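Here the structure comes first, spelled out in structure tokens, and everything after it is commentary.
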Amino acid sequence: MPPSSAAAPPPSPSARFPDAAPTVGREAPRGGGAAQASSRRPGAPAQTPTETTARLRPIPAAPEAETAGGTDVPAPRAAVPPSGPAAPRTPDPALSWSTPHDPRPLISFGEPEGYDGLARPRPLGGRPRPQAVAAAVCLVLGVGLLTGAVTGSWLAGDSGEDGARSAYTEAGDLWHSVPVDQLFPPTLLGKGAGPGGADRTWTRVAVAPDGDCAGAFDRLLAKALDPVGCSRLLRATYTDATQSHVTTVGLLFTKADAAAMTALADRFEKQGLGRREDLMPLPYAAKDTVAAGFGAPQRASWTVSVLTDAPVVVYAVSGWADGRTVDEPEPAEEAIESGAASAPAQAGLGHEAKGLADRVERALRKNIGTPTEQPS
């Protein structure tokens, strides 16, 4: 063997390069074919002139490549054992075939998506719907307003029920806090209050001193009014423009609460107490007036109204100013009906009693505040 071949050590084994440098396609080394043959590794197949590259050392076949999403993923490369005095760095154990691991790729599912009103994708359940947000805001605002109202009423020491009770109590005190001219105006106009829609004008001729109800009613009417008590009684007598008729209007301020007044009003309505002749109110006859001869026998027509929003009973009774007696009085509700043929109805005395009672009741309500009942 030539000296040049014996002096050079063999190259280090490699997974990428052959043990001997390729000779095919190069100029043959000097020294003939014996030197070339001695440089081949023992057992290697003979090279032929048709080969253009040197054969590589057989390498174990790599496992089939795994794919993820259609892209080939190369298999991990086999570890090459260290050789020579300088060993390569230790390979990653995770890449070793002996390391237990799951070769399958890790797949995680994303959060499902939906679409909003503008067809924009959004995660389902990630954002609340606008309707739900609006409903929640309205609920919070409503609760806040309600809480504020309740708190304000509590701080002010007042409520809707207390306000109604205050108006009711205020109405019961009008007899001593309102001037008489506001409760019984000196002149009252009754537009369309007469028979056939004729206008009426009434002038006040006397005002009775305020007092209790002793002797102011007949016994049966006093008994019917007894459940609500008597706090104060105010009365005034009016005459028409011709001074042919006289009418007494009364305001009975009771001691009852709203429930008792409602019960009394229901009783008068259901039992027809306001139309009974034996429950007619008594008139107030003032001396030296056209009503001086106005007594119980002269009563011709009457009306009684029990209020439920104020502790007051409003009534009126009418008759002739010349002192004539009446054998058959008639309630005002019947005397003002079309076709009524009684003497009080023909004279318009039912219209006198009903019209004056309504105007005095309106004057009373103006002093109470906002009316809750509208007189007919």
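Letters for chains follow the order of the structure tokens (A, B, ...), residue numbers begin at 1 for each chain, and ligand numbers begin at 1 in the order shown.
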Set out as JSON lines a contact list for range 268-350 of chain A and range 214-235 of chain A with a cut-off of 9 Å, giving each residue of range 268-350 of chain A that qualifies its closest atom pair and distance in Å to one decimal, counting only C-alpha atoms, ordered by chain and rising residue number.
{"residue": "A:Leu273", "atom": "CA", "partner": "A:Ala224", "partner_atom": "CA", "distance": 8.5}
{"residue": "A:Asp278", "atom": "CA", "partner": "A:Leu220", "partner_atom": "CA", "distance": 7.0}
{"residue": "A:Leu279", "atom": "CA", "partner": "A:Leu221", "partner_atom": "CA", "distance": 4.8}
{"residue": "A:Met280", "atom": "CA", "partner": "A:Leu221", "partner_atom": "CA", "distance": 7.2}
{"residue": "A:Pro281", "atom": "CA", "partner": "A:Phe217", "partner_atom": "CA", "distance": 5.8}
{"residue": "A:Leu282", "atom": "CA", "partner": "A:Phe217", "partner_atom": "CA", "distance": 5.7}
{"residue": "A:Pro283", "atom": "CA", "partner": "A:Ala216", "partner_atom": "CA", "distance": 8.5}
{"residue": "A:Tyr284", "atom": "CA", "partner": "A:Arg235", "partner_atom": "CA", "distance": 7.2}
{"residue": "A:Pro311", "atom": "CA", "partner": "A:Val228", "partner_atom": "CA", "distance": 8.4}
Just C-alpha atoms for this one: save the residues we selected as a tab-separated table (two decimals), in the first residue's frame.
chain	number	residue	atom	x	y	z
A	273	LEU	CA	-133.80	57.95	52.66
A	278	ASP	CA	-140.70	62.15	56.99
A	279	LEU	CA	-136.95	62.83	56.58
A	280	MET	CA	-137.27	66.35	55.13
A	281	PRO	CA	-134.88	68.95	56.61
A	282	LEU	CA	-136.28	71.93	58.50
A	283	PRO	CA	-136.02	75.45	57.00
A	284	TYR	CA	-134.43	78.49	58.60
A	311	PRO	CA	-117.27	64.98	56.40
>> Just list as a PyMOL selection string whatever in range 212-344 of chain A DSSP marks as strand (DSSP E).
In response: chain A and resi 232-240+245-253+301-306+312-320+330-331
> Using only C-alpha atoms, which residue out of A:Asp240, A:Thr187, A:Gln182, A:Gly196 lies closest to Gly339 in chain A?
Replying inline: A:Gly196
> Which value, in Å to one decimal, gives the distance between CA of Phe184 in chain A and CA of Asp309 in chain A?
Replying inline: 19.9 Å
> Got a sec: who's within 7 Å of range 299-305 of chain A, counting only C-alpha atoms, leaving out chain neighbours fewer than 6 positions off, as JSON, numbers by chain?
Replying inline: {"A": [274, 280, 313, 314, 315, 316, 317, 318, 319, 326, 329, 330, 331, 332, 344, 349, 350, 353, 354]}
Writer output for current selection, all heavy atoms, as a CSV table (one decimal), in the first residue's frame:
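Result written to result.csv:
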chain,number,residue,atom,x,y,z
A,274,GLY,N,-133.2,59.8,51.2
A,274,GLY,CA,-133.3,61.2,50.8
A,274,GLY,C,-134.6,61.6,50.1
A,274,GLY,O,-134.9,62.8,49.9
A,280,MET,N,-137.6,65.0,55.7
A,280,MET,CA,-137.3,66.3,55.1
A,280,MET,C,-136.5,67.2,56.2
A,280,MET,O,-136.9,67.2,57.3
A,280,MET,CB,-138.6,67.1,54.7
A,280,MET,CG,-139.1,66.7,53.4
A,280,MET,SD,-140.4,67.9,52.8
A,280,MET,CE,-141.6,67.7,54.1
A,313,VAL,N,-122.6,66.9,55.1
A,313,VAL,CA,-123.9,66.6,54.5
A,313,VAL,C,-124.5,67.9,54.0
A,313,VAL,O,-124.7,68.8,54.8
A,313,VAL,CB,-124.8,65.9,55.5
A,313,VAL,CG1,-126.2,65.6,54.8
A,313,VAL,CG2,-124.2,64.6,56.0
A,314,VAL,N,-124.8,67.9,52.7
A,314,VAL,CA,-125.3,69.1,52.1
A,314,VAL,C,-126.8,68.9,51.8
A,314,VAL,O,-127.2,67.9,51.3
A,314,VAL,CB,-124.6,69.5,50.7
A,314,VAL,CG1,-125.2,70.8,50.2
A,314,VAL,CG2,-123.1,69.6,50.9
A,315,TYR,N,-127.7,69.9,52.2
A,315,TYR,CA,-129.1,69.7,52.0
A,315,TYR,C,-129.7,71.0,51.7
A,315,TYR,O,-129.1,72.1,51.9
A,315,TYR,CB,-129.8,69.1,53.2
A,315,TYR,CG,-129.8,70.0,54.4
A,315,TYR,CD1,-130.9,70.9,54.6
A,315,TYR,CD2,-128.9,69.9,55.4
A,315,TYR,CE1,-131.0,71.7,55.7
A,315,TYR,CE2,-128.9,70.8,56.5
A,315,TYR,CZ,-130.0,71.7,56.7
A,315,TYR,OH,-130.0,72.5,57.8
A,316,ALA,N,-130.9,71.0,51.1
A,316,ALA,CA,-131.7,72.2,50.8
A,316,ALA,C,-133.2,71.9,50.8
A,316,ALA,O,-133.6,70.8,50.5
A,316,ALA,CB,-131.3,72.7,49.4
A,317,VAL,N,-134.0,72.9,51.2
A,317,VAL,CA,-135.4,72.7,51.3
A,317,VAL,C,-136.1,74.0,50.8
A,317,VAL,O,-135.6,75.1,51.2
A,317,VAL,CB,-135.9,72.3,52.7
A,317,VAL,CG1,-135.5,73.3,53.7
A,317,VAL,CG2,-137.4,72.1,52.7
A,318,SER,N,-137.1,73.9,49.9
A,318,SER,CA,-137.7,75.1,49.4
A,318,SER,C,-139.2,75.2,49.6
A,318,SER,O,-139.8,74.2,49.9
A,318,SER,CB,-137.4,75.2,47.8
A,318,SER,OG,-138.0,74.0,47.2
A,319,GLY,N,-139.7,76.4,49.4
A,319,GLY,CA,-141.2,76.6,49.6
A,319,GLY,C,-141.6,78.0,49.0
A,319,GLY,O,-140.7,78.7,48.5
A,326,VAL,N,-148.1,73.3,52.0
A,326,VAL,CA,-148.0,72.3,51.0
A,326,VAL,C,-148.5,71.0,51.5
A,326,VAL,O,-148.0,70.5,52.5
A,326,VAL,CB,-146.6,72.2,50.4
A,326,VAL,CG1,-146.5,71.1,49.3
A,326,VAL,CG2,-146.1,73.5,49.9
A,329,PRO,N,-145.6,67.4,49.6
A,329,PRO,CA,-144.2,67.8,49.1
A,329,PRO,C,-143.7,66.7,48.2
A,329,PRO,O,-144.1,65.6,48.2
A,329,PRO,CB,-143.4,67.8,50.5
A,329,PRO,CG,-144.5,67.9,51.5
A,329,PRO,CD,-145.7,67.2,51.0
A,330,GLU,N,-142.7,67.1,47.4
A,330,GLU,CA,-142.1,66.2,46.5
A,330,GLU,C,-140.6,66.3,46.5
A,330,GLU,O,-140.1,67.5,46.5
A,330,GLU,CB,-142.7,66.4,45.1
A,330,GLU,CG,-142.2,65.4,44.0
A,330,GLU,CD,-142.9,65.6,42.7
A,330,GLU,OE1,-143.3,66.8,42.4
A,330,GLU,OE2,-143.0,64.7,41.9
A,331,PRO,N,-139.8,65.2,46.5
A,331,PRO,CA,-138.4,65.3,46.5
A,331,PRO,C,-137.9,66.0,45.2
A,331,PRO,O,-138.6,65.9,44.1
A,331,PRO,CB,-137.9,63.8,46.5
A,331,PRO,CG,-139.1,63.1,47.0
A,331,PRO,CD,-140.3,63.8,46.6
A,332,ALA,N,-136.8,66.7,45.3
A,332,ALA,CA,-136.3,67.5,44.2
A,332,ALA,C,-136.0,66.6,43.0
A,332,ALA,O,-136.2,67.0,41.8
A,332,ALA,CB,-135.1,68.4,44.6
A,344,PRO,N,-145.3,71.6,43.4
A,344,PRO,CA,-143.9,72.0,43.6
A,344,PRO,C,-143.2,71.9,42.2
A,344,PRO,O,-142.3,72.8,41.9
A,344,PRO,CB,-143.4,71.0,44.6
A,344,PRO,CG,-144.5,70.6,45.4
A,344,PRO,CD,-145.7,70.5,44.4
A,349,LEU,N,-140.1,74.6,42.3
A,349,LEU,CA,-139.5,74.5,43.6
A,349,LEU,C,-138.4,73.4,43.7
A,349,LEU,O,-137.5,73.5,44.5
A,349,LEU,CB,-140.5,74.4,44.7
A,349,LEU,CG,-141.4,75.6,44.9
A,349,LEU,CD1,-142.6,75.3,45.8
A,349,LEU,CD2,-140.6,76.8,45.4
A,350,GLY,N,-138.6,72.3,42.9
A,350,GLY,CA,-137.6,71.3,42.9
A,350,GLY,C,-136.3,71.8,42.3
A,350,GLY,O,-135.2,71.5,42.8
A,353,ALA,N,-134.5,74.0,45.0
A,353,ALA,CA,-133.7,73.2,46.0
A,353,ALA,C,-132.5,72.6,45.4
A,353,ALA,O,-131.4,72.6,46.0
A,353,ALA,CB,-134.7,72.2,46.6
A,354,LYS,N,-132.7,71.9,44.3
A,354,LYS,CA,-131.5,71.2,43.6
A,354,LYS,C,-130.5,72.2,43.2
A,354,LYS,O,-129.2,72.0,43.4
A,354,LYS,CB,-132.0,70.4,42.5
A,354,LYS,CG,-131.0,69.5,41.8
A,354,LYS,CD,-130.4,68.5,42.7
A,354,LYS,CE,-129.5,67.5,42.0
A,354,LYS,NZ,-128.9,66.6,42.9
> If you count only C-alpha atoms, which residues fall within 9 Å of Pro297 in chain A, apart from same-chain ones fewer than 6 positions away, as a ChimeraX atom specification?
Replying inline: /A:323-327
> Could you state the separation of CA of Gly295 in chain A and CA of Ala335 in chain A in Å, given to one decimal place?
Replying inline: 20.1 Å
>> So the first atom is CA of Leu364 in chain A and the second is CA of Leu183 in chain A; what is the distance between them in Å, to one decimal place?
In response: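 Atom-to-atom, CA of Leu364 in chain A to CA of Leu183 in chain A, that is 5.8 Å.
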>> I want to know what sits within 10 Å of Leu307 in chain A, based on only C-alpha atoms, with residues of the same chain fewer than 5 positions away left out; could you give that as a PyMOL selection string?
In response: chain A and resi 258+261-262+264-265+312-314+361+373
Let's have the selection written as an mmCIF file, in the first residue's frame, with C-alpha atoms.
data_model
loop_
_atom_site.group_PDB
_atom_site.id
_atom_site.type_symbol
_atom_site.label_atom_id
_atom_site.label_comp_id
_atom_site.auth_asym_id
_atom_site.auth_seq_id
_atom_site.Cartn_x
_atom_site.Cartn_y
_atom_site.Cartn_z
ATOM 1 C CA ALA A 258 -114.399 58.594 55.404
ATOM 2 C CA MET A 261 -119.504 58.768 55.556
ATOM 3 C CA THR A 262 -119.332 56.201 52.766
ATOM 4 C CA LEU A 264 -124.089 56.584 55.361
ATOM 5 C CA ALA A 265 -124.101 57.568 51.676
ATOM 6 C CA VAL A 312 -120.189 67.095 55.193
ATOM 7 C CA VAL A 313 -123.874 66.569 54.476
ATOM 8 C CA VAL A 314 -125.350 69.145 52.079
ATOM 9 C CA GLU A 361 -121.547 72.304 47.293
ATOM 10 C CA GLU A 373 -116.784 64.622 42.968
#
